[in-house]
$ cat structure16.cif   # mmCIF, C-alpha atoms
data_start
loop_
_atom_site.label_atom_id
_atom_site.label_comp_id
_atom_site.auth_asym_id
_atom_site.auth_seq_id
_atom_site.Cartn_x
_atom_site.Cartn_y
_atom_site.Cartn_z
CA MET A 1 -7.30 16.47 6.84
CA LEU A 2 -3.89 17.56 5.59
CA LEU A 3 -2.30 17.29 9.04
CA ASN A 4 -3.82 13.85 9.57
CA ALA A 5 -2.52 12.65 6.19
CA LEU A 6 0.94 14.01 7.02
CA LEU A 7 1.02 12.21 10.37
CA LEU A 8 -0.04 8.93 8.77
CA ALA A 9 2.64 9.32 6.09
CA LEU A 10 5.39 10.03 8.65
CA ARG A 11 4.29 7.07 10.77
CA SER A 12 4.54 4.81 7.74
CA ILE A 13 8.02 6.13 6.92
CA THR A 14 9.35 5.66 10.46
CA ARG A 15 7.84 2.19 10.67
CA ASN A 16 10.36 0.93 8.07
CA LEU A 17 13.43 3.11 8.53
CA LEU A 18 15.88 0.91 6.59
CA ARG A 19 13.56 0.60 3.62
CA SER A 20 12.86 4.34 3.71
CA PHE A 21 16.59 5.08 3.74
CA LEU A 22 17.27 2.78 0.79
CA THR A 23 14.34 4.37 -1.04
CA ILE A 24 15.67 7.91 -0.73
CA LEU A 25 19.26 6.89 -1.49
CA GLY A 26 18.74 7.44 -5.22
CA ILE A 27 17.40 10.94 -4.56
CA VAL A 28 20.33 11.69 -2.23
CA ILE A 29 22.86 10.60 -4.84
CA GLY A 30 21.09 12.51 -7.60
CA VAL A 31 20.75 15.78 -5.70
CA SER A 32 24.30 15.67 -4.31
CA ALA A 33 25.74 14.82 -7.74
CA VAL A 34 23.93 17.69 -9.48
CA ILE A 35 24.87 20.27 -6.84
CA THR A 36 28.49 19.08 -6.62
CA MET A 37 29.00 19.10 -10.40
CA VAL A 38 27.51 22.56 -10.85
CA THR A 39 29.34 24.02 -7.84
CA LEU A 40 32.73 22.67 -8.94
CA GLY A 41 32.04 23.82 -12.49
CA LYS A 42 31.37 27.36 -11.34
CA GLY A 43 34.51 27.27 -9.21
CA ALA A 44 36.57 26.05 -12.16
CA THR A 45 35.13 28.82 -14.35
CA GLN A 46 36.09 31.47 -11.81
CA ALA A 47 39.55 29.94 -11.42
CA VAL A 48 40.10 30.16 -15.19
CA GLN A 49 38.97 33.78 -15.23
CA MET A 50 41.28 34.64 -12.33
CA GLN A 51 44.23 32.92 -13.98
CA ILE A 52 43.64 34.72 -17.27
CA SER A 53 43.22 38.09 -15.54
CA SER A 54 46.51 37.51 -13.71
CA LEU A 55 48.27 37.75 -17.08
CA GLY A 56 47.29 41.40 -17.28
CA THR A 57 44.36 43.78 -17.43
CA ASN A 58 42.93 44.31 -20.94
CA LEU A 59 46.07 42.69 -22.33
CA LEU A 60 46.93 42.01 -25.95
CA MET A 61 49.85 39.67 -26.59
CA VAL A 62 51.41 40.24 -30.01
CA ARG A 63 53.71 37.44 -31.13
CA THR A 64 55.61 36.57 -34.27
CA GLY A 65 54.19 33.89 -36.53
CA GLN A 66 50.81 33.48 -38.21
CA ARG A 67 49.28 31.33 -35.49
CA GLN A 68 50.15 30.03 -32.07
CA GLY A 69 50.61 26.41 -31.19
CA PRO A 70 52.15 23.46 -33.01
CA GLY A 71 51.27 23.01 -36.62
CA GLY A 72 50.45 26.66 -37.20
CA PRO A 73 51.15 27.81 -40.75
CA GLY A 74 54.35 29.72 -41.01
CA GLY A 75 55.11 29.38 -37.28
CA GLY A 76 57.24 31.86 -35.41
CA GLY A 77 60.63 30.53 -36.47
CA GLY A 78 60.62 32.02 -39.99
CA SER A 79 58.99 35.33 -39.07
CA PRO A 80 61.07 38.41 -38.36
CA SER A 81 61.15 39.47 -34.73
CA PHE A 82 59.86 42.76 -33.41
CA LYS A 83 61.99 45.75 -32.49
CA GLU A 84 61.97 47.97 -29.43
CA SER A 85 60.93 50.82 -31.73
CA ASP A 86 57.74 48.88 -32.55
CA ALA A 87 56.65 49.21 -28.93
CA ASP A 88 57.39 52.95 -28.96
CA ALA A 89 55.42 53.38 -32.20
CA ILE A 90 52.39 51.53 -30.81
CA LEU A 91 52.35 53.66 -27.67
CA ALA A 92 52.72 56.90 -29.63
CA GLN A 93 50.42 56.27 -32.61
CA ILE A 94 47.50 54.15 -31.34
CA GLY A 95 44.89 55.68 -29.07
CA GLY A 96 43.62 53.77 -26.06
CA VAL A 97 46.95 52.09 -25.26
CA ALA A 98 47.97 52.33 -21.62
CA ALA A 99 51.40 50.67 -21.80
CA VAL A 100 53.54 48.60 -24.19
CA ALA A 101 56.35 46.30 -23.11
CA PRO A 102 58.72 44.52 -25.51
CA GLU A 103 59.56 41.09 -24.16
CA GLY A 104 62.21 38.47 -24.84
CA ARG A 105 62.56 35.11 -23.12
CA ALA A 106 65.20 32.42 -22.76
CA GLY A 107 65.60 29.33 -20.66
CA ALA A 108 68.65 29.29 -18.41
CA THR A 109 70.08 27.75 -15.28
CA VAL A 110 70.70 30.29 -12.54
CA VAL A 111 73.18 29.79 -9.72
CA GLY A 112 73.25 31.43 -6.30
CA ASN A 113 73.81 30.58 -2.66
CA GLY A 114 75.49 27.33 -3.72
CA ARG A 115 72.31 26.15 -5.50
CA ASN A 116 71.19 26.07 -9.11
CA TRP A 117 67.71 26.23 -10.63
CA ALA A 118 66.45 25.96 -14.23
CA THR A 119 64.08 28.83 -14.94
CA ASN A 120 62.89 31.34 -17.54
CA VAL A 121 64.78 34.58 -17.96
CA THR A 122 62.60 37.44 -19.19
CA GLY A 123 63.97 40.64 -20.66
CA SER A 124 61.80 43.75 -20.77
CA THR A 125 61.32 47.30 -19.51
CA ASN A 126 59.49 48.72 -16.50
CA ALA A 127 56.30 48.79 -18.62
CA TRP A 128 56.28 45.00 -18.14
CA PHE A 129 54.97 45.56 -14.61
CA ASP A 130 52.02 47.60 -15.88
CA THR A 131 51.03 45.27 -18.72
CA GLY A 132 51.19 42.13 -16.58
CA ASN A 133 49.77 43.51 -13.31
CA TRP A 134 53.02 42.67 -11.52
CA LYS A 135 53.84 44.14 -8.12
CA LEU A 136 57.05 44.23 -6.14
CA ALA A 137 57.10 42.51 -2.77
CA ALA A 138 60.42 44.17 -1.97
CA GLY A 139 63.14 46.18 -3.65
CA ARG A 140 62.88 48.47 -6.65
CA LYS A 141 62.35 48.54 -10.41
CA PHE A 142 65.05 49.18 -13.01
CA GLU A 143 66.67 52.61 -13.30
CA ASP A 144 66.67 54.32 -16.71
CA ASP A 145 70.43 53.94 -17.15
CA GLU A 146 70.19 50.22 -16.29
CA ILE A 147 67.58 49.75 -19.04
CA THR A 148 69.57 51.78 -21.57
CA ALA A 149 72.99 50.26 -20.88
CA GLY A 150 71.84 46.74 -20.06
CA GLY A 151 72.88 46.76 -16.42
CA ALA A 152 73.73 43.60 -14.47
CA VAL A 153 70.63 43.73 -12.29
CA CYS A 154 67.66 41.40 -11.97
CA ILE A 155 64.31 40.96 -10.25
CA ILE A 156 63.31 37.42 -9.28
CA GLY A 157 60.00 35.63 -8.73
CA GLU A 158 59.01 33.91 -5.52
CA THR A 159 59.72 30.39 -6.84
CA VAL A 160 63.27 31.31 -7.86
CA ARG A 161 63.86 33.06 -4.53
CA ARG A 162 62.62 30.05 -2.58
CA GLU A 163 64.53 27.45 -4.58
CA VAL A 164 67.82 29.35 -4.76
CA TYR A 165 68.02 31.30 -1.51
CA GLY A 166 65.35 29.80 0.78
CA GLY A 167 64.03 31.51 3.88
CA THR A 168 63.54 35.25 3.46
CA ARG A 169 66.80 35.97 1.69
CA GLY A 170 67.28 37.08 -1.91
CA LEU A 171 67.25 40.87 -2.03
CA GLY A 172 70.75 42.26 -2.54
CA GLU A 173 72.26 38.84 -3.32
CA GLN A 174 74.26 37.92 -6.40
CA LEU A 175 72.69 35.61 -8.98
CA ARG A 176 74.66 34.10 -11.86
CA ILE A 177 72.83 33.68 -15.16
CA LYS A 178 74.93 31.70 -17.61
CA GLN A 179 78.26 33.57 -17.78
CA PHE A 180 77.43 36.79 -15.91
CA SER A 181 76.35 37.73 -12.41
CA CYS A 182 73.63 40.21 -11.57
CA GLU A 183 72.46 41.85 -8.38
CA VAL A 184 68.97 41.00 -7.16
CA ILE A 185 67.38 44.44 -6.75
CA GLY A 186 63.73 43.35 -6.38
CA LEU A 187 61.41 40.49 -5.46
CA LEU A 188 58.17 39.98 -7.39
CA ALA A 189 54.94 39.54 -5.44
CA PRO A 190 53.65 35.96 -5.91
CA LYS A 191 50.96 35.35 -8.55
CA GLY A 192 50.70 31.55 -8.53
CA GLN A 193 49.66 29.28 -11.36
CA GLY A 194 49.05 30.72 -14.80
CA ALA A 195 46.19 30.06 -17.21
CA MET A 196 47.98 27.19 -18.93
CA GLY A 197 49.20 25.57 -15.73
CA SER A 198 52.62 27.25 -15.72
CA ASP A 199 54.21 28.72 -12.61
CA GLN A 200 54.21 32.49 -13.11
CA ASP A 201 56.56 32.98 -10.17
CA ASP A 202 59.29 30.85 -11.76
CA THR A 203 60.99 33.71 -13.61
CA VAL A 204 63.93 36.10 -13.52
CA LEU A 205 63.39 39.58 -14.99
CA VAL A 206 66.33 41.52 -16.43
CA PRO A 207 66.49 44.63 -18.66
CA LEU A 208 65.78 43.73 -22.28
CA ARG A 209 69.23 44.77 -23.49
CA THR A 210 70.84 42.72 -20.73
CA LEU A 211 69.01 39.65 -22.03
CA GLN A 212 69.97 40.42 -25.62
CA ARG A 213 73.65 41.07 -24.97
CA ARG A 214 74.47 38.58 -22.19
CA VAL A 215 71.97 35.72 -22.53
CA THR A 216 70.58 35.26 -26.04
CA GLY A 217 73.29 37.09 -28.01
CA ASN A 218 70.76 38.54 -30.48
CA GLN A 219 68.36 41.48 -30.77
CA ARG A 220 65.16 39.43 -31.12
CA VAL A 221 61.97 40.63 -29.45
CA ALA A 222 59.47 37.80 -29.73
CA THR A 223 56.51 39.41 -27.96
CA LEU A 224 54.91 42.81 -27.52
CA LEU A 225 52.64 43.16 -24.48
CA VAL A 226 50.00 45.84 -25.09
CA SER A 227 47.79 46.95 -22.20
CA MET A 228 44.59 48.75 -23.21
CA GLN A 229 42.99 51.56 -21.25
CA ASP A 230 39.65 50.87 -19.57
CA ASP A 231 36.53 51.23 -21.77
CA THR A 232 38.62 51.00 -24.93
CA ASP A 233 37.07 49.43 -28.03
CA SER A 234 39.33 46.40 -28.36
CA THR A 235 38.15 45.62 -31.90
CA ARG A 236 39.10 49.05 -33.20
CA LEU A 237 42.38 49.06 -31.29
CA LYS A 238 43.37 45.64 -32.65
CA ALA A 239 42.57 46.78 -36.18
CA GLY A 240 44.78 49.83 -35.77
CA LEU A 241 47.52 47.73 -34.19
CA ARG A 242 47.41 45.24 -37.05
CA GLN A 243 47.57 48.00 -39.66
CA LEU A 244 50.51 49.71 -37.95
CA LEU A 245 52.52 46.50 -37.63
CA ARG A 246 51.84 45.56 -41.25
CA GLU A 247 53.23 48.93 -42.34
CA ARG A 248 56.28 48.66 -40.09
CA ARG A 249 56.96 45.08 -41.22
CA LYS A 250 56.50 46.12 -44.88
CA LEU A 251 53.81 43.57 -45.74
CA ALA A 252 52.15 43.93 -49.15
CA ALA A 253 48.37 44.05 -49.49
CA GLY A 254 48.10 40.39 -50.53
CA GLU A 255 50.46 38.99 -47.91
CA ASP A 256 49.31 37.28 -44.75
CA ASP A 257 50.23 38.67 -41.35
CA ASN A 258 53.49 37.27 -40.00
CA PHE A 259 52.34 38.02 -36.44
CA ASN A 260 49.30 37.19 -34.33
CA VAL A 261 47.36 39.09 -31.68
CA LEU A 262 45.96 37.24 -28.67
CA ASP A 263 43.30 39.04 -26.64
CA THR A 264 43.37 37.61 -23.11
CA GLN A 265 39.80 38.82 -22.50
CA GLN A 266 38.55 36.77 -25.46
CA LEU A 267 40.62 33.83 -24.25
CA ALA A 268 39.00 34.10 -20.82
CA GLU A 269 35.51 34.22 -22.35
CA THR A 270 36.24 31.22 -24.57
CA LEU A 271 37.64 29.08 -21.76
CA SER A 272 34.85 30.17 -19.39
CA GLY A 273 32.25 29.28 -22.01
CA THR A 274 33.82 25.86 -22.44
CA THR A 275 33.80 25.14 -18.70
CA GLN A 276 30.19 26.33 -18.45
CA VAL A 277 29.13 23.97 -21.23
CA MET A 278 30.91 21.09 -19.50
CA THR A 279 29.26 22.05 -16.19
CA THR A 280 25.82 21.99 -17.81
CA LEU A 281 26.55 18.64 -19.45
CA LEU A 282 27.78 17.06 -16.21
CA GLY A 283 24.81 18.49 -14.31
CA ALA A 284 22.41 17.03 -16.87
CA VAL A 285 24.07 13.62 -16.66
CA ALA A 286 23.92 13.72 -12.86
CA ALA A 287 20.23 14.69 -13.01
CA VAL A 288 19.48 11.33 -14.63
CA SER A 289 20.15 9.69 -11.26
CA LEU A 290 17.29 11.79 -9.85
CA LEU A 291 14.94 10.09 -12.30
CA VAL A 292 16.34 6.72 -11.23
CA GLY A 293 15.67 7.70 -7.61
CA GLY A 294 12.10 8.63 -8.57
CA ILE A 295 11.57 5.21 -10.11
CA GLY A 296 12.83 3.70 -6.85
CA ILE A 297 10.27 5.72 -4.90
CA MET A 298 7.46 4.62 -7.20
CA ASN A 299 8.53 0.98 -6.89
CA ILE A 300 8.57 1.08 -3.07
CA MET A 301 5.26 2.94 -2.95
CA LEU A 302 3.65 0.26 -5.11
CA VAL A 303 5.00 -2.38 -2.74
CA SER A 304 3.68 -0.36 0.21
CA VAL A 305 0.23 -0.12 -1.37
CA THR A 306 0.17 -3.88 -1.89
CA GLU A 307 1.29 -4.56 1.70
CA ARG A 308 -1.34 -2.20 3.14
CA THR A 309 -4.26 -3.26 0.99
CA ARG A 310 -6.38 -4.34 3.96
CA GLU A 311 -5.57 -1.09 5.79
CA ILE A 312 -6.64 0.91 2.75
CA GLY A 313 -9.83 -1.13 2.38
CA LEU A 314 -10.67 -0.62 6.06
CA ARG A 315 -10.20 3.16 5.80
CA LEU A 316 -12.40 3.33 2.73
CA ALA A 317 -15.03 1.09 4.34
CA ILE A 318 -15.42 3.29 7.42
CA GLY A 319 -15.87 6.44 5.37
CA ALA A 320 -12.49 7.75 4.22
CA LEU A 321 -12.72 9.61 0.93
CA GLU A 322 -10.65 8.63 -2.10
CA ARG A 323 -8.88 12.00 -2.07
CA GLU A 324 -7.85 11.43 1.56
CA VAL A 325 -6.22 8.09 0.69
CA LEU A 326 -4.66 9.66 -2.40
CA LEU A 327 -3.31 12.53 -0.32
CA GLN A 328 -1.86 10.18 2.32
CA PHE A 329 0.23 8.17 -0.12
CA LEU A 330 1.15 11.22 -2.19
CA ILE A 331 2.42 13.05 0.92
CA GLU A 332 4.40 9.93 1.86
CA ALA A 333 6.13 9.90 -1.54
CA VAL A 334 6.82 13.65 -1.44
CA ALA A 335 8.15 13.41 2.13
CA LEU A 336 10.57 10.67 1.09
CA ALA A 337 11.77 12.69 -1.91
CA ALA A 338 12.07 15.94 0.06
CA LEU A 339 14.01 14.19 2.84
CA GLY A 340 16.34 12.79 0.19
CA GLY A 341 16.75 16.31 -1.20
CA ILE A 342 17.71 17.73 2.20
CA VAL A 343 20.22 14.96 2.88
CA GLY A 344 21.57 15.36 -0.66
CA ILE A 345 22.19 19.09 -0.12
CA VAL A 346 24.12 18.37 3.08
CA VAL A 347 26.20 15.68 1.38
CA ALA A 348 26.82 17.93 -1.65
CA THR A 349 28.03 20.81 0.54
CA GLY A 350 30.63 18.61 2.23
CA ALA A 351 31.69 16.98 -1.04
CA SER A 352 31.96 20.33 -2.84
CA ILE A 353 34.12 21.90 -0.14
CA GLY A 354 36.41 18.86 -0.03
CA LEU A 355 36.76 18.46 -3.81
CA ALA A 356 37.23 22.20 -4.33
CA SER A 357 40.16 22.07 -1.94
CA VAL A 358 41.65 19.06 -3.74
CA MET A 359 41.14 20.62 -7.20
CA LYS A 360 42.40 24.00 -5.94
CA VAL A 361 39.39 25.91 -7.21
CA PRO A 362 37.27 28.34 -5.15
CA TYR A 363 34.15 27.00 -3.44
CA LEU A 364 31.16 29.09 -4.54
CA PHE A 365 27.91 28.42 -2.71
CA ASP A 366 25.05 28.78 -5.18
CA PRO A 367 21.67 29.09 -3.41
CA ALA A 368 19.83 28.87 -6.73
CA ILE A 369 21.10 25.39 -7.67
CA ASN A 370 20.54 24.15 -4.11
CA ALA A 371 16.95 25.41 -4.07
CA LEU A 372 16.32 24.13 -7.59
CA SER A 373 17.62 20.66 -6.73
CA PHE A 374 15.42 20.49 -3.63
CA VAL A 375 12.32 21.60 -5.53
CA PHE A 376 13.12 19.14 -8.34
CA SER A 377 13.42 16.29 -5.84
CA ALA A 378 9.98 17.20 -4.40
CA VAL A 379 8.53 17.31 -7.92
CA ILE A 380 10.02 13.87 -8.54
CA GLY A 381 8.13 12.68 -5.45
CA VAL A 382 4.85 14.08 -6.82
CA LEU A 383 5.32 12.66 -10.31
CA PHE A 384 6.44 9.17 -9.29
CA GLY A 385 4.22 8.99 -6.21
CA TYR A 386 0.98 9.90 -7.95
CA PHE A 387 0.43 6.57 -9.73
CA PRO A 388 0.78 4.39 -6.58
CA ALA A 389 -1.36 6.88 -4.60
CA ARG A 390 -4.06 6.86 -7.29
CA ARG A 391 -4.02 3.08 -7.37
CA ALA A 392 -4.56 2.99 -3.60
CA ALA A 393 -7.38 5.55 -3.74
CA GLN A 394 -9.27 3.64 -6.45
CA MET A 395 -9.31 0.31 -4.61
CA ASP A 396 -12.65 -1.45 -4.09
CA PRO A 397 -13.11 -1.61 -0.27
CA ILE A 398 -14.73 -5.07 -0.42
CA GLU A 399 -11.95 -6.57 -2.55
CA ALA A 400 -9.33 -4.85 -0.39
CA LEU A 401 -10.77 -6.34 2.81
CA ARG A 402 -10.69 -9.83 1.22
CA HIS A 403 -6.96 -9.42 0.39
CA GLU A 404 -4.66 -11.84 2.20
#
$ encode --input "structure16.cif" --output "structure tokens"
Amino acid sequence: MLLNALLLALRSITRNLLRSFLTILGIVIGVSAVITMVTLGKGATQAVQMQISSLGTNLLMVRTGQRQGPGGPGGGGGSPSFKESDADAILAQIGGVAAVAPEGRAGATVVGNGRNWATNVTGSTNAWFDTGNWKLAAGRKFEDDEITAGGAVCIIGETVRREVYGGTRGLGEQLRIKQFSCEVIGLLAPKGQGAMGSDQDDTVLVPLRTLQRRVTGNQRVATLLVSMQDDTDSTRLKAGLRQLLRERRKLAAGEDDNFNVLDTQQLAETLSGTTQVMTTLLGAVAAVSLLVGGIGIMNIMLVSVTERTREIGLRLAIGALEREVLLQFLIEAVALAALGGIVGIVVATGASIGLASVMKVPYLFDPAINALSFVFSAVIGVLFGYFPARRAAQMDPIEALRHE
């Protein structure tokens, strides 16, 4: 009985191919939209996590000012800067700290090989490599005497190397930063785009004292990069860090902190949570089109029942049971919805791969959302196909045979 009902349903579908295609189009659009939205959302979430992790492993960024961003109370301009000794004190007095790097930054135009390029000049120590997960593609790090004396040496990022020297050159060349020239002793391994859309490779690293003496002309250290050891309780470490800095900056008990601590792990979780919420919202909106597709199936099935009234009456008159007629039309509706689900999955796979490439996010195939979308499309066929099938099964054979 089941096989016979399936054959009758498939024959009815193939009899009107154009109408069948237009019927399943809503299901195709719904399934492909849901899968594409969820897949791209998961890719965007992973991209955010990767960009945040590229800043450093278990990294705390301590900056002057009460809060980051425009409009923050106090800001960073009126707050005293850090000192190199603050970094030494954090490393020596707080347990669970793997490395601490004092960091200063300044914008400058660099000149080399007859070209110039506006970039960021960063001043720090060799601990900067550990806190930020930086690797050298070629060359070496700073020597101790170069850090202590503020030597005229620098390490450049891939963007600076490409824009200034081109080709494979750069190592051993001279690079002029403002009024002094430095030797390029190392090339940073590329890291790509940062969490906020900035180019992490567009930088020149010099010893901190070189930056202070030859670029900025002051002793300011705006940021302390603190890398935590694995399995460290970040809450306890941040509390100890805050207490130590308050003591060193001589803040009274009632005074607010004139610095802020940014935990990149918390930032990653916050941004990932936001993208996941948006993915769920977009997926829910796209799922509405599945319901629209189900209504389309029900509408066409009602038309089909009306067109085939005499056929239904004849089947009932010669002994077909109501459940057999019900099963025939129900299988037809489910077959249409399931076919739409299969085509939708194929369309979604192509669209997801293409859009992921355009958006520059990883393509992550999720078998769960693909299977769920297919099952949901079949359920839509059952729900919206039952009423027309029941109407066909309950027809009076005599009245059906009289139908013109």
$ atom_distance --input "structure16.cif" --atom1 "CA of Ala393 (chain A)" --atom2 "CA of Val303 (chain A)"
14.7 Å
$ residues_around --input "structure16.cif" --residues "Phe387 (chain A)" --least-positions-apart "5" --cutoff "9 Å" --atoms "all atoms listed in the file" --output "list of chain:residue names"
A:Met298, A:Leu302, A:Leu330, A:Ala392
$ resolve_selection --input "structure16.cif" --expression "the PyMOL selection byres ((chain A and resi 329) around 9)" --output "PyMOL selection string"
chain A and resi 5+8-9+301+305+324-328+330-334+385-386+388-390+392-393
$ resolve_selection --input "structure16.cif" --expression "the PyMOL selection byres ((chain A and resi 227-235) around 8)" --output "PyMOL selection string"
chain A and resi 56-60+96-100+130-131+225-226+236-239
$ closest_residue --input "structure16.cif" --among "A:Leu290, A:Leu188, A:Leu383, A:Val121" --to "Thr203 (chain A)" --atoms "only C-alpha atoms"
A:Val121
$ residues_around --input "structure16.cif" --residues "region 280-286 of chain A" --least-positions-apart "5" --cutoff "7 Å" --atoms "only C-alpha atoms" --output "PyMOL selection string"
chain A and resi 30+33-34+37-38
$ closest_residue --input "structure16.cif" --among "A:Pro362, A:Gly112, A:Pro80, A:Gly294" --to "Ile27 (chain A)" --atoms "only C-alpha atoms"
A:Gly294
$ atom_distance --input "structure16.cif" --atom1 "CA of Cys182 (chain A)" --atom2 "CA of Val206 (chain A)"
8.9 Å
$ closest_residue --input "structure16.cif" --among "A:Arg63, A:Arg391, A:Lys191, A:Arg209" --to "Thr122 (chain A)" --atoms "all atoms listed in the file"
A:Arg209
$ atom_distance --input "structure16.cif" --atom1 "CA of Met395 (chain A)" --atom2 "CA of Leu316 (chain A)"
8.5 Å
$ resolve_selection --input "structure16.cif" --expression "the PyMOL selection byres ((chain A and resi 380) around 12)" --output "ChimeraX atom specification"
/A:24,26-27,30-31,287-298,330,333-338,340-341,373-379,381-386
$ closest_residue --input "structure16.cif" --among "A:Asn116, A:Thr210, A:Asn16, A:Gln265" --to "Ala149 (chain A)" --atoms "only C-alpha atoms"
A:Thr210
